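Listing of model_26.csv; format and content: CSV, C-alpha atoms.
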```
chain,number,residue,atom,x,y,z
A,42,MET,CA,18.9,121.9,127.0
A,43,ASP,CA,19.2,118.1,126.9
A,44,THR,CA,22.3,116.5,125.6
A,45,HIS,CA,22.3,112.7,126.3
A,46,GLU,CA,24.5,111.1,123.6
A,47,THR,CA,22.1,108.9,121.8
A,48,ALA,CA,19.4,111.4,121.2
A,49,VAL,CA,17.5,111.4,118.0
A,50,ARG,CA,16.9,115.0,116.8
A,51,GLY,CA,14.6,116.5,114.3
A,52,TYR,CA,17.5,116.9,112.0
A,53,THR,CA,19.0,113.5,112.5
A,54,GLN,CA,17.9,112.0,109.2
A,55,ASP,CA,19.4,115.0,107.4
A,56,LYS,CA,22.5,115.1,109.5
A,57,ALA,CA,24.9,114.4,106.6
A,58,SER,CA,23.3,117.3,104.6
A,59,TYR,CA,23.7,119.7,107.6
A,60,ALA,CA,27.3,118.6,108.1
A,61,ARG,CA,28.1,119.3,104.5
A,62,ARG,CA,26.4,122.7,104.5
A,63,LEU,CA,28.2,123.7,107.7
A,64,LYS,CA,31.6,122.5,106.3
A,65,ARG,CA,31.0,124.7,103.3
A,66,ILE,CA,30.2,127.7,105.5
A,67,GLU,CA,33.4,127.0,107.5
A,68,GLY,CA,35.3,127.2,104.2
A,69,GLN,CA,33.6,130.4,103.3
A,70,VAL,CA,34.6,132.0,106.6
A,71,ARG,CA,38.2,130.9,106.0
A,72,GLY,CA,37.9,132.4,102.6
A,73,ILE,CA,37.0,135.7,104.1
A,74,GLN,CA,40.0,135.5,106.5
A,75,ARG,CA,42.2,135.1,103.4
A,76,MET,CA,40.6,138.0,101.7
A,77,VAL,CA,41.2,140.3,104.7
A,78,ASP,CA,44.7,139.0,105.0
A,79,GLU,CA,45.3,139.9,101.3
A,80,ASP,CA,43.6,143.3,101.7
A,81,ALA,CA,40.8,142.5,99.4
A,82,TYR,CA,38.3,145.3,98.6
A,83,CYS,CA,35.9,146.0,101.4
A,84,ILE,CA,32.8,145.6,99.2
A,85,ASP,CA,34.0,142.1,98.0
A,86,VAL,CA,34.4,141.1,101.7
A,87,LEU,CA,30.9,142.4,102.5
A,88,THR,CA,29.5,140.4,99.5
A,89,GLN,CA,31.0,137.2,100.8
A,90,ILE,CA,29.7,137.8,104.4
A,91,SER,CA,26.2,138.4,103.0
A,92,ALA,CA,26.5,135.0,101.3
A,93,ILE,CA,27.4,133.3,104.5
A,94,GLN,CA,24.6,135.1,106.4
A,95,SER,CA,22.1,133.7,103.8
A,96,ALA,CA,23.5,130.2,104.1
A,97,LEU,CA,23.3,130.3,107.9
A,98,LYS,CA,19.8,131.7,107.7
A,99,SER,CA,18.8,128.8,105.5
A,100,VAL,CA,20.4,126.3,107.9
A,101,SER,CA,18.5,127.9,110.8
A,102,LEU,CA,15.2,127.8,108.9
A,103,GLY,CA,15.7,124.1,108.1
A,104,LEU,CA,16.4,123.4,111.8
A,105,VAL,CA,13.3,125.3,112.9
A,106,GLU,CA,11.2,123.3,110.4
A,107,GLU,CA,12.5,120.0,111.6
A,108,HIS,CA,12.1,121.1,115.2
A,109,LEU,CA,8.4,122.0,114.7
A,110,GLY,CA,7.8,118.8,112.7
A,111,HIS,CA,9.4,116.5,115.2
A,112,CYS,CA,10.1,117.8,118.7
A,113,VAL,CA,7.1,120.2,119.0
A,114,ARG,CA,4.8,117.7,117.2
A,115,HIS,CA,5.7,114.9,119.6
A,116,ALA,CA,5.3,117.1,122.6
A,117,VAL,CA,1.8,118.1,121.3
A,118,GLU,CA,0.8,114.5,120.8
A,119,GLN,CA,2.1,113.5,124.2
A,120,ALA,CA,0.1,116.4,125.9
A,121,HIS,CA,-2.9,115.3,123.9
A,122,ASP,CA,-2.5,111.7,125.2
A,123,THR,CA,-1.7,112.5,128.8
A,124,GLY,CA,-3.5,115.8,129.4
A,125,ASP,CA,-0.3,117.1,130.8
A,126,THR,CA,0.7,120.2,128.7
A,127,SER,CA,3.8,121.2,130.7
A,128,GLU,CA,6.3,119.7,128.3
A,129,MET,CA,4.5,121.0,125.3
A,130,ASP,CA,4.2,124.4,126.7
A,131,ALA,CA,8.0,124.4,127.4
A,132,LYS,CA,8.8,123.2,123.9
A,133,LEU,CA,6.6,125.8,122.3
A,134,ALA,CA,8.1,128.6,124.4
A,135,GLU,CA,11.5,127.4,123.5
A,136,ALA,CA,10.6,127.3,119.8
A,137,ASN,CA,9.1,130.8,119.9
A,138,ALA,CA,12.2,132.2,121.6
A,139,ALA,CA,14.5,130.6,119.0
A,140,ILE,CA,12.3,132.0,116.2
A,141,ALA,CA,12.5,135.5,117.8
A,142,ARG,CA,16.3,135.3,118.1
A,143,LEU,CA,16.5,134.2,114.5
A,144,VAL,CA,14.3,137.1,113.3
A,145,LYS,CA,16.4,139.5,115.3
A,146,SER,CA,19.9,138.2,114.7
B,38,MET,CA,36.1,145.1,92.2
B,39,ASP,CA,39.8,146.0,92.3
B,40,THR,CA,42.4,143.6,93.7
B,41,HIS,CA,45.9,144.9,93.2
B,42,GLU,CA,48.1,143.2,95.9
B,43,THR,CA,49.4,146.2,97.8
B,44,ALA,CA,46.1,148.0,98.2
B,45,VAL,CA,45.4,149.9,101.5
B,46,ARG,CA,41.8,149.3,102.5
B,47,GLY,CA,39.5,151.0,104.9
B,48,TYR,CA,39.9,148.2,107.3
B,49,THR,CA,43.7,147.9,106.9
B,50,GLN,CA,44.6,149.5,110.2
B,51,ASP,CA,42.2,147.2,112.1
B,52,LYS,CA,43.2,144.2,110.1
B,53,ALA,CA,44.5,142.2,113.1
B,54,SER,CA,41.2,142.8,114.9
B,55,TYR,CA,39.1,141.6,111.9
B,56,ALA,CA,41.4,138.6,111.5
B,57,ARG,CA,40.8,137.7,115.1
B,58,ARG,CA,37.1,138.1,115.0
B,59,LEU,CA,36.8,136.0,111.8
B,60,LYS,CA,39.0,133.3,113.4
B,61,ARG,CA,36.6,133.2,116.4
B,62,ILE,CA,33.6,132.9,114.0
B,63,GLU,CA,35.4,130.1,112.2
B,64,GLY,CA,35.7,128.3,115.5
B,65,GLN,CA,32.0,128.9,116.3
B,66,VAL,CA,31.1,127.3,112.9
B,67,ARG,CA,33.3,124.3,113.7
B,68,GLY,CA,31.6,124.1,117.1
B,69,ILE,CA,28.2,123.9,115.4
B,70,GLN,CA,29.5,121.0,113.2
B,71,ARG,CA,30.5,119.2,116.3
B,72,MET,CA,27.1,119.8,117.9
B,73,VAL,CA,25.3,118.4,114.9
B,74,ASP,CA,27.7,115.5,114.8
B,75,GLU,CA,26.9,114.7,118.4
B,76,ASP,CA,23.1,115.2,117.8
B,77,ALA,CA,22.9,118.2,120.0
B,78,TYR,CA,19.4,119.6,120.7
B,79,CYS,CA,18.0,121.6,117.8
B,80,ILE,CA,17.3,124.7,119.9
B,81,ASP,CA,20.9,124.8,121.2
B,82,VAL,CA,22.2,124.6,117.6
B,83,LEU,CA,19.9,127.5,116.7
B,84,THR,CA,21.1,129.6,119.6
B,85,GLN,CA,24.7,129.1,118.4
B,86,ILE,CA,23.9,130.0,114.8
B,87,SER,CA,22.1,133.2,116.0
B,88,ALA,CA,25.3,134.1,117.9
B,89,ILE,CA,27.4,133.7,114.7
B,90,GLN,CA,24.9,135.8,112.7
B,91,SER,CA,25.2,138.6,115.2
B,92,ALA,CA,29.0,138.4,115.1
B,93,LEU,CA,29.0,138.5,111.3
B,94,LYS,CA,26.6,141.4,111.3
B,95,SER,CA,28.9,143.3,113.6
B,96,VAL,CA,31.9,142.6,111.3
B,97,SER,CA,29.9,143.8,108.3
B,98,LEU,CA,28.8,147.0,110.0
B,99,GLY,CA,32.4,147.6,110.9
B,100,LEU,CA,33.5,147.2,107.3
B,101,VAL,CA,30.7,149.5,106.0
B,102,GLU,CA,31.8,152.1,108.5
B,103,GLU,CA,35.4,151.9,107.4
B,104,HIS,CA,34.4,151.9,103.7
B,105,LEU,CA,32.3,155.1,104.1
B,106,GLY,CA,35.0,156.8,106.2
B,107,HIS,CA,37.8,155.9,103.8
B,108,CYS,CA,37.0,154.7,100.3
B,109,VAL,CA,33.8,156.7,99.8
B,110,ARG,CA,35.2,159.8,101.6
B,111,HIS,CA,38.3,159.8,99.3
B,112,ALA,CA,36.2,159.4,96.2
B,113,VAL,CA,34.0,162.4,97.3
B,114,GLU,CA,37.2,164.5,97.9
B,115,GLN,CA,38.6,163.5,94.5
B,116,ALA,CA,35.3,164.4,92.7
B,117,HIS,CA,35.3,167.7,94.6
B,118,ASP,CA,38.9,168.4,93.4
B,119,THR,CA,38.5,167.3,89.8
B,120,GLY,CA,34.9,167.9,89.1
B,121,ASP,CA,34.7,164.4,87.7
B,122,THR,CA,32.1,162.5,89.8
B,123,SER,CA,32.1,159.2,87.9
B,124,GLU,CA,34.4,157.4,90.4
B,125,MET,CA,32.4,158.8,93.4
B,126,ASP,CA,29.1,157.8,91.8
B,127,ALA,CA,30.4,154.3,91.3
B,128,LYS,CA,31.7,154.1,94.9
B,129,LEU,CA,28.4,155.3,96.3
B,130,ALA,CA,26.3,152.9,94.2
B,131,GLU,CA,28.5,150.1,95.3
B,132,ALA,CA,28.2,151.1,99.0
B,133,ASN,CA,24.4,151.4,98.7
B,134,ALA,CA,24.2,147.9,97.1
B,135,ALA,CA,26.3,146.4,99.8
B,136,ILE,CA,24.2,148.0,102.5
B,137,ALA,CA,21.0,146.7,100.8
B,138,ARG,CA,22.5,143.2,100.7
B,139,LEU,CA,23.4,143.5,104.3
B,140,VAL,CA,19.9,144.6,105.3
B,141,LYS,CA,18.3,141.8,103.4
B,142,SER,CA,20.8,138.9,104.1
C,1062,MET,CA,19.2,166.4,114.7
C,1063,ASP,CA,18.5,169.7,113.0
C,1064,THR,CA,15.0,170.8,112.2
C,1065,HIS,CA,14.8,174.3,110.8
C,1066,GLU,CA,11.8,174.6,108.6
C,1067,THR,CA,13.2,175.4,105.2
C,1068,ALA,CA,15.8,172.7,105.2
C,1069,VAL,CA,16.6,170.9,101.9
C,1070,ARG,CA,17.1,167.2,102.5
C,1071,GLY,CA,18.7,164.4,100.6
C,1072,TYR,CA,15.2,163.1,99.8
C,1073,THR,CA,13.6,166.5,98.9
C,1074,GLN,CA,13.6,166.1,95.2
C,1075,ASP,CA,11.9,162.7,95.6
C,1076,LYS,CA,9.6,163.9,98.3
C,1077,ALA,CA,6.4,163.3,96.3
C,1078,SER,CA,7.5,159.7,95.7
C,1079,TYR,CA,8.3,159.1,99.4
C,1080,ALA,CA,4.9,160.6,100.4
C,1081,ARG,CA,3.1,158.3,98.0
C,1082,ARG,CA,4.9,155.2,99.2
C,1083,LEU,CA,4.3,156.0,102.8
C,1084,LYS,CA,0.6,156.7,102.1
C,1085,ARG,CA,0.4,153.2,100.5
C,1086,ILE,CA,2.1,151.7,103.6
C,1087,GLU,CA,-0.4,153.5,105.8
C,1088,GLY,CA,-3.2,151.9,103.8
C,1089,GLN,CA,-1.5,148.5,104.2
C,1090,VAL,CA,-1.4,148.9,108.0
C,1091,ARG,CA,-5.1,149.8,108.0
C,1092,GLY,CA,-5.8,146.8,105.8
C,1093,ILE,CA,-4.2,144.6,108.5
C,1094,GLN,CA,-6.3,146.2,111.2
C,1095,ARG,CA,-9.3,145.3,109.1
C,1096,MET,CA,-8.1,141.7,108.7
C,1097,VAL,CA,-7.6,141.3,112.5
C,1098,ASP,CA,-11.0,142.8,113.1
C,1099,GLU,CA,-12.5,140.3,110.7
C,1100,ASP,CA,-10.6,137.4,112.3
C,1101,ALA,CA,-8.6,136.7,109.1
C,1102,TYR,CA,-6.3,133.7,109.0
C,1103,CYS,CA,-3.1,134.3,111.0
C,1104,ILE,CA,-0.9,133.3,108.1
C,1105,ASP,CA,-2.6,135.8,105.8
C,1106,VAL,CA,-2.0,138.6,108.3
C,1107,LEU,CA,1.7,137.5,108.6
C,1108,THR,CA,2.0,137.7,104.8
C,1109,GLN,CA,0.7,141.2,104.7
C,1110,ILE,CA,3.0,142.3,107.5
C,1111,SER,CA,6.0,140.9,105.6
C,1112,ALA,CA,4.9,143.0,102.6
C,1113,ILE,CA,4.9,146.1,104.8
C,1114,GLN,CA,8.3,145.3,106.2
C,1115,SER,CA,9.8,144.9,102.7
C,1116,ALA,CA,8.2,148.2,101.7
C,1117,LEU,CA,9.5,150.0,104.8
C,1118,LYS,CA,13.0,148.5,104.3
C,1119,SER,CA,13.0,149.8,100.7
C,1120,VAL,CA,12.0,153.3,101.9
C,1121,SER,CA,14.8,153.2,104.5
C,1122,LEU,CA,17.4,152.1,101.9
C,1123,GLY,CA,16.3,154.9,99.7
C,1124,LEU,CA,16.7,157.4,102.5
C,1125,VAL,CA,20.2,156.0,103.4
C,1126,GLU,CA,21.2,156.3,99.8
C,1127,GLU,CA,20.1,159.9,99.5
C,1128,HIS,CA,21.7,160.7,102.9
C,1129,LEU,CA,25.1,159.4,101.8
C,1130,GLY,CA,24.8,161.1,98.4
C,1131,HIS,CA,23.9,164.5,99.8
C,1132,CYS,CA,24.3,165.1,103.5
C,1133,VAL,CA,27.4,163.0,104.0
C,1134,ARG,CA,28.9,164.0,100.6
C,1135,HIS,CA,28.5,167.7,101.5
C,1136,ALA,CA,30.0,167.2,104.9
C,1137,VAL,CA,33.1,165.5,103.3
C,1138,GLU,CA,33.5,168.3,100.8
C,1139,GLN,CA,33.3,170.9,103.5
C,1140,ALA,CA,35.8,169.1,105.7
C,1141,HIS,CA,38.1,168.8,102.6
C,1142,ASP,CA,37.8,172.6,102.0
C,1143,THR,CA,38.2,173.8,105.6
C,1144,GLY,CA,40.3,171.1,107.2
C,1145,ASP,CA,37.8,170.9,110.0
C,1146,THR,CA,36.4,167.3,110.0
C,1147,SER,CA,34.2,167.6,113.1
C,1148,GLU,CA,30.9,168.0,111.2
C,1149,MET,CA,31.9,165.2,108.7
C,1150,ASP,CA,32.8,162.9,111.6
C,1151,ALA,CA,29.5,163.5,113.2
C,1152,LYS,CA,27.6,162.9,110.0
C,1153,LEU,CA,29.4,159.7,109.4
C,1154,ALA,CA,28.8,158.5,112.9
C,1155,GLU,CA,25.2,159.3,112.6
C,1156,ALA,CA,24.9,157.5,109.2
C,1157,ASN,CA,26.7,154.4,110.6
C,1158,ALA,CA,24.4,154.3,113.6
C,1159,ALA,CA,21.3,154.6,111.3
C,1160,ILE,CA,22.6,151.7,109.1
C,1161,ALA,CA,23.2,149.6,112.2
C,1162,ARG,CA,19.7,150.2,113.5
C,1163,LEU,CA,18.3,149.4,110.0
C,1164,VAL,CA,20.3,146.1,109.9
C,1165,LYS,CA,19.1,145.1,113.3
C,1166,SER,CA,15.5,146.3,113.2
D,1077,MET,CA,-6.2,130.8,103.0
D,1078,ASP,CA,-9.5,130.3,104.7
D,1079,THR,CA,-11.7,133.2,105.5
D,1080,HIS,CA,-15.2,132.2,106.8
D,1081,GLU,CA,-16.5,135.0,108.9
D,1082,THR,CA,-17.0,133.4,112.3
D,1083,ALA,CA,-13.5,131.8,112.5
D,1084,VAL,CA,-11.7,131.7,115.8
D,1085,ARG,CA,-8.1,132.4,115.3
D,1086,GLY,CA,-5.0,131.9,117.4
D,1087,TYR,CA,-5.0,135.6,118.1
D,1088,THR,CA,-8.7,136.0,118.8
D,1089,GLN,CA,-8.4,136.3,122.5
D,1090,ASP,CA,-5.8,139.0,122.2
D,1091,LYS,CA,-7.6,140.7,119.4
D,1092,ALA,CA,-8.1,144.0,121.2
D,1093,SER,CA,-4.4,144.1,122.0
D,1094,TYR,CA,-3.4,143.5,118.4
D,1095,ALA,CA,-5.9,146.1,117.2
D,1096,ARG,CA,-4.4,148.7,119.6
D,1097,ARG,CA,-0.8,147.9,118.5
D,1098,LEU,CA,-1.7,148.2,114.9
D,1099,LYS,CA,-3.5,151.5,115.5
D,1100,ARG,CA,-0.4,152.8,117.1
D,1101,ILE,CA,1.8,151.6,114.2
D,1102,GLU,CA,-0.6,153.3,111.7
D,1103,GLY,CA,-0.1,156.5,113.7
D,1104,GLN,CA,3.6,156.1,113.5
D,1105,VAL,CA,3.4,155.7,109.7
D,1106,ARG,CA,1.3,158.9,109.5
D,1107,GLY,CA,3.9,160.6,111.7
D,1108,ILE,CA,6.6,159.7,109.2
D,1109,GLN,CA,4.5,161.2,106.4
D,1110,ARG,CA,4.3,164.4,108.3
D,1111,MET,CA,8.1,164.4,108.9
D,1112,VAL,CA,8.8,163.9,105.2
D,1113,ASP,CA,6.2,166.6,104.4
D,1114,GLU,CA,8.1,169.0,106.7
D,1115,ASP,CA,11.5,168.0,105.4
D,1116,ALA,CA,12.6,166.4,108.6
D,1117,TYR,CA,16.2,165.3,108.8
D,1118,CYS,CA,16.8,162.0,107.0
D,1119,ILE,CA,18.3,160.3,110.0
D,1120,ASP,CA,15.3,161.2,112.2
D,1121,VAL,CA,13.0,159.7,109.6
D,1122,LEU,CA,15.2,156.5,109.5
D,1123,THR,CA,15.0,156.3,113.3
D,1124,GLN,CA,11.2,156.4,113.2
D,1125,ILE,CA,11.1,153.7,110.5
D,1126,SER,CA,13.3,151.4,112.5
D,1127,ALA,CA,10.9,151.8,115.4
D,1128,ILE,CA,8.0,150.8,113.2
D,1129,GLN,CA,10.0,147.8,111.9
D,1130,SER,CA,10.6,146.6,115.4
D,1131,ALA,CA,6.9,147.1,116.4
D,1132,LEU,CA,5.8,145.1,113.3
D,1133,LYS,CA,8.3,142.4,114.0
D,1134,SER,CA,7.0,142.1,117.5
D,1135,VAL,CA,3.4,141.8,116.2
D,1136,SER,CA,4.5,139.1,113.7
D,1137,LEU,CA,6.3,137.1,116.4
D,1138,GLY,CA,3.2,137.2,118.5
D,1139,LEU,CA,1.1,136.0,115.6
D,1140,VAL,CA,3.5,133.1,114.9
D,1141,GLU,CA,3.4,132.2,118.6
D,1142,GLU,CA,-0.4,132.1,118.6
D,1143,HIS,CA,-0.5,130.2,115.3
D,1144,LEU,CA,1.9,127.5,116.6
D,1145,GLY,CA,0.1,127.2,119.9
D,1146,HIS,CA,-3.4,127.0,118.4
D,1147,CYS,CA,-3.7,126.2,114.7
D,1148,VAL,CA,-0.7,124.0,114.4
D,1149,ARG,CA,-1.3,122.4,117.7
D,1150,HIS,CA,-4.9,121.5,116.8
D,1151,ALA,CA,-3.8,120.1,113.4
D,1152,VAL,CA,-1.2,117.9,115.1
D,1153,GLU,CA,-3.8,116.6,117.6
D,1154,GLN,CA,-6.3,115.9,114.8
D,1155,ALA,CA,-3.6,114.0,112.8
D,1156,HIS,CA,-2.8,112.1,115.9
D,1157,ASP,CA,-6.4,111.2,116.5
D,1158,THR,CA,-7.3,110.3,112.9
D,1159,GLY,CA,-4.0,109.1,111.4
D,1160,ASP,CA,-4.5,111.5,108.5
D,1161,THR,CA,-1.5,113.9,108.5
D,1162,SER,CA,-2.4,115.9,105.4
D,1163,GLU,CA,-3.9,118.9,107.2
D,1164,MET,CA,-1.1,118.9,109.7
D,1165,ASP,CA,1.5,118.7,107.0
D,1166,ALA,CA,-0.1,121.7,105.2
D,1167,LYS,CA,-0.3,123.7,108.4
D,1168,LEU,CA,3.3,123.1,109.2
D,1169,ALA,CA,4.4,123.9,105.6
D,1170,GLU,CA,2.5,127.1,105.8
D,1171,ALA,CA,4.0,128.1,109.2
D,1172,ASN,CA,7.5,127.3,108.0
D,1173,ALA,CA,6.9,129.5,104.9
D,1174,ALA,CA,5.6,132.3,107.0
D,1175,ILE,CA,8.6,132.1,109.4
D,1176,ALA,CA,11.0,132.2,106.4
D,1177,ARG,CA,9.3,135.3,105.0
D,1178,LEU,CA,9.5,136.9,108.4
D,1179,VAL,CA,13.2,136.1,108.7
D,1180,LYS,CA,13.9,137.5,105.3
D,1181,SER,CA,11.6,140.5,105.2
```
What would you get if you wrote out this structure as structure tokens?
Amino acid sequence: MDTHETAVRGYTQDKASYARRLKRIEGQVRGIQRMVDEDAYCIDVLTQISAIQSALKSVSLGLVEEHLGHCVRHAVEQAHDTGDTSEMDAKLAEANAAIARLVKS
Amino acid sequence: MDTHETAVRGYTQDKASYARRLKRIEGQVRGIQRMVDEDAYCIDVLTQISAIQSALKSVSLGLVEEHLGHCVRHAVEQAHDTGDTSEMDAKLAEANAAIARLVKS
Amino acid sequence: MDTHETAVRGYTQDKASYARRLKRIEGQVRGIQRMVDEDAYCIDVLTQISAIQSALKSVSLGLVEEHLGHCVRHAVEQAHDTGDTSEMDAKLAEANAAIARLVKS
Amino acid sequence: MDTHETAVRGYTQDKASYARRLKRIEGQVRGIQRMVDEDAYCIDVLTQISAIQSALKSVSLGLVEEHLGHCVRHAVEQAHDTGDTSEMDAKLAEANAAIARLVKS
């Protein structure tokens, strides 16, 4: 985990798009709260939750893609230049763990 | 889909608990928006999304459970009493479709 | 778990179809072994595994559907007739646990 | 897809381990065929299928890991050396598509 404020991330150039998609997902979660509050039919609630799951999955896959194409790529290049693979190994292990969590969540 | 206002649903008796869990999930989605806004590390964002996916999955499984134990159960009883299975068949088809969406979402 | 030999199961009438689908899946798994043995490209192996996962998921959803429409249905009817819900409660709990495993596997 | 016979793959050094795991999975699929043939209880069949799904998921995640750590890594290094990113871009796109299929299958 590194969190210094001015970091540029894999997703930075698509930040506005991610922000918009997450805003929409937040609205969908609020929609489900309203449905439950109004005793909506269970199946209709389930359908909405499945839609949110798909939207989140799509956001996650986008983040993985950017992570591989930026963070992992740069770590590989650096290891190639310096001969020190420790940072690359760490980044790859982290990416693999994130993919595994995504596949299992 | 049936949406008359005073319906009692499978989840009605646990309504407060579902409302609370969804409120928490909404907060988690907002947390992710903040993370993206502050250029948090991709992997940390992914970890949070996986946590939301697990929480949503758990809500969905709870709703399926209540649906089977109430709506489907009552439709089976009614079909058994009246000999008319059309409503039960529809409820079962609907439940199966929801389970399939859940498995695939 | 009950395993007396002459049991009639939810899937009994579609037994031949399930046998055929599982036979095909077995062949697909053998195909992957061959691919690995011949050093096939990782991505091609992954594509084949995804195909098997989808086929297994589809078999599972079919079994859940038959289970709800037969075993669970009969347990509900019996509980309705006798007023004793213990068998029905057990069958529902079992079905819910199987659905949860399926969603998470 | 590239399939020349003497290829060295990301998984080549663990080939024996993959072969063993796939052999075991094949045996599990045959076990399910036997269960269906003997009219085993639906829920018991479902439990076995979930076990196979988990085993296949684990094989897939292993292959992704090796693919990123070998094929993708080498493509990145080559692009870094030559300035030509076309092969790397193709490898990354392929990896992302495989991860997406895995997440959705």
How many Å lie between CA of Ser95 (chain A) and CA of Val66 (chain B), rounded to one decimal?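 Atom-to-atom, CA of Ser95 (chain A) and CA of Val66 (chain B) are spaced 14.3 Å apart.
For the choices C:Val1069, C:Leu1163, C:Met1149, C:Leu1083, the atom-to-atom distance to Ala1116 (chain C) is smallest for C:Leu1083 when using only C-alpha atoms.
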Two-atom distance - CA of Glu1148 (chain C), CA of Arg1162 (chain C) (Å):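 We find that CA of Glu1148 (chain C) and CA of Arg1162 (chain C) lie 21.2 Å from each other.
Nearest-residue note for chain A: choosing from B:Thr84, B:Asp51, B:Ala116, B:Arg61, the minimum distance belongs to B:Thr84, counting all atoms listed in the file.
Between chain A and the residues B:His107, B:His117, B:Arg46, B:Arg58, the shortest atom-to-atom distance, using all atoms listed in the file, involves B:Arg46.
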With chain B held fixed, move chain D onto it by a least-squares fit of all C-alpha atoms in order and give the output as a short mmCIF file (atom, residue, chain, number, x, y, z; two decimals) with C-alpha atoms, in the frame of the given file.
```
data_model
loop_
_atom_site.label_atom_id
_atom_site.label_comp_id
_atom_site.auth_asym_id
_atom_site.auth_seq_id
_atom_site.Cartn_x
_atom_site.Cartn_y
_atom_site.Cartn_z
CA MET D 1077 36.20 144.81 92.23
CA ASP D 1078 39.80 145.81 92.39
CA THR D 1079 42.37 143.51 93.82
CA HIS D 1080 46.00 144.74 93.34
CA GLU D 1081 48.09 143.24 96.05
CA THR D 1082 49.46 146.26 97.88
CA ALA D 1083 46.06 148.03 98.30
CA VAL D 1084 45.33 149.90 101.49
CA ARG D 1085 41.81 149.34 102.50
CA GLY D 1086 39.45 151.06 104.89
CA TYR D 1087 39.96 148.20 107.29
CA THR D 1088 43.72 147.90 106.96
CA GLN D 1089 44.56 149.49 110.22
CA ASP D 1090 42.22 147.22 112.08
CA LYS D 1091 43.23 144.21 110.10
CA ALA D 1092 44.51 142.20 113.05
CA SER D 1093 41.24 142.81 114.85
CA TYR D 1094 39.16 141.64 111.92
CA ALA D 1095 41.39 138.59 111.47
CA ARG D 1096 40.89 137.65 115.16
CA ARG D 1097 37.08 138.09 114.95
CA LEU D 1098 36.88 135.98 111.89
CA LYS D 1099 39.04 133.27 113.47
CA ARG D 1100 36.67 133.19 116.34
CA ILE D 1101 33.62 132.98 114.04
CA GLU D 1102 35.29 130.08 112.12
CA GLY D 1103 35.67 128.33 115.48
CA GLN D 1104 32.06 128.88 116.22
CA VAL D 1105 31.08 127.34 112.86
CA ARG D 1106 33.28 124.30 113.65
CA GLY D 1107 31.60 124.12 117.07
CA ILE D 1108 28.21 123.89 115.39
CA GLN D 1109 29.49 121.04 113.21
CA ARG D 1110 30.51 119.19 116.28
CA MET D 1111 27.08 119.79 117.91
CA VAL D 1112 25.26 118.46 114.85
CA ASP D 1113 27.71 115.51 114.75
CA GLU D 1114 26.79 114.73 118.38
CA ASP D 1115 23.09 115.23 117.84
CA ALA D 1116 22.87 118.28 120.00
CA TYR D 1117 19.42 119.63 120.69
CA CYS D 1118 18.04 121.65 117.77
CA ILE D 1119 17.38 124.72 119.83
CA ASP D 1120 20.96 124.78 121.18
CA VAL D 1121 22.25 124.61 117.63
CA LEU D 1122 19.87 127.51 116.62
CA THR D 1123 21.18 129.54 119.57
CA GLN D 1124 24.77 129.10 118.40
CA ILE D 1125 23.84 130.09 114.83
CA SER D 1126 22.16 133.25 115.99
CA ALA D 1127 25.34 134.14 117.83
CA ILE D 1128 27.36 133.68 114.68
CA GLN D 1129 24.83 135.80 112.73
CA SER D 1130 25.21 138.62 115.18
CA ALA D 1131 29.06 138.38 115.14
CA LEU D 1132 29.02 138.49 111.29
CA LYS D 1133 26.64 141.38 111.27
CA SER D 1134 28.89 143.26 113.60
CA VAL D 1135 31.90 142.58 111.31
CA SER D 1136 29.89 143.78 108.26
CA LEU D 1137 28.83 146.99 110.02
CA GLY D 1138 32.41 147.68 110.86
CA LEU D 1139 33.44 147.12 107.27
CA VAL D 1140 30.72 149.48 105.98
CA GLU D 1141 31.85 152.08 108.53
CA GLU D 1142 35.45 151.85 107.35
CA HIS D 1143 34.41 151.86 103.68
CA LEU D 1144 32.30 155.04 104.13
CA GLY D 1145 34.97 156.78 106.14
CA HIS D 1146 37.83 155.93 103.77
CA CYS D 1147 36.95 154.77 100.26
CA VAL D 1148 33.83 156.77 99.83
CA ARG D 1149 35.26 159.74 101.55
CA HIS D 1150 38.34 159.78 99.30
CA ALA D 1151 36.16 159.40 96.16
CA VAL D 1152 34.02 162.36 97.24
CA GLU D 1153 37.14 164.50 97.86
CA GLN D 1154 38.62 163.52 94.48
CA ALA D 1155 35.30 164.40 92.72
CA HIS D 1156 35.31 167.64 94.55
CA ASP D 1157 38.84 168.43 93.52
CA THR D 1158 38.55 167.35 89.87
CA GLY D 1159 34.87 167.92 89.04
CA ASP D 1160 34.67 164.37 87.70
CA THR D 1161 32.01 162.54 89.78
CA SER D 1162 32.10 159.20 87.97
CA GLU D 1163 34.31 157.37 90.47
CA MET D 1164 32.39 158.84 93.35
CA ASP D 1165 29.10 157.89 91.83
CA ALA D 1166 30.32 154.27 91.36
CA LYS D 1167 31.63 154.10 94.90
CA LEU D 1168 28.40 155.31 96.33
CA ALA D 1169 26.34 152.93 94.12
CA GLU D 1170 28.46 150.10 95.29
CA ALA D 1171 28.14 151.04 99.01
CA ASN D 1172 24.38 151.43 98.68
CA ALA D 1173 24.20 147.94 97.06
CA ALA D 1174 26.29 146.45 99.76
CA ILE D 1175 24.14 148.05 102.52
CA ALA D 1176 20.97 146.68 100.84
CA ARG D 1177 22.42 143.17 100.72
CA LEU D 1178 23.38 143.47 104.34
CA VAL D 1179 19.88 144.62 105.30
CA LYS D 1180 18.31 141.78 103.42
CA SER D 1181 20.71 138.95 104.13
#
```
note - CA of Leu129 (chain B) and CA of Ile1128 (chain D) are separated by 26.9 Å
Just checking: using all atoms listed in the file, which residue out of A:Ser146, A:Gln69, A:Gln89, A:Ser99 ends up closest to chain B? A:Ser146
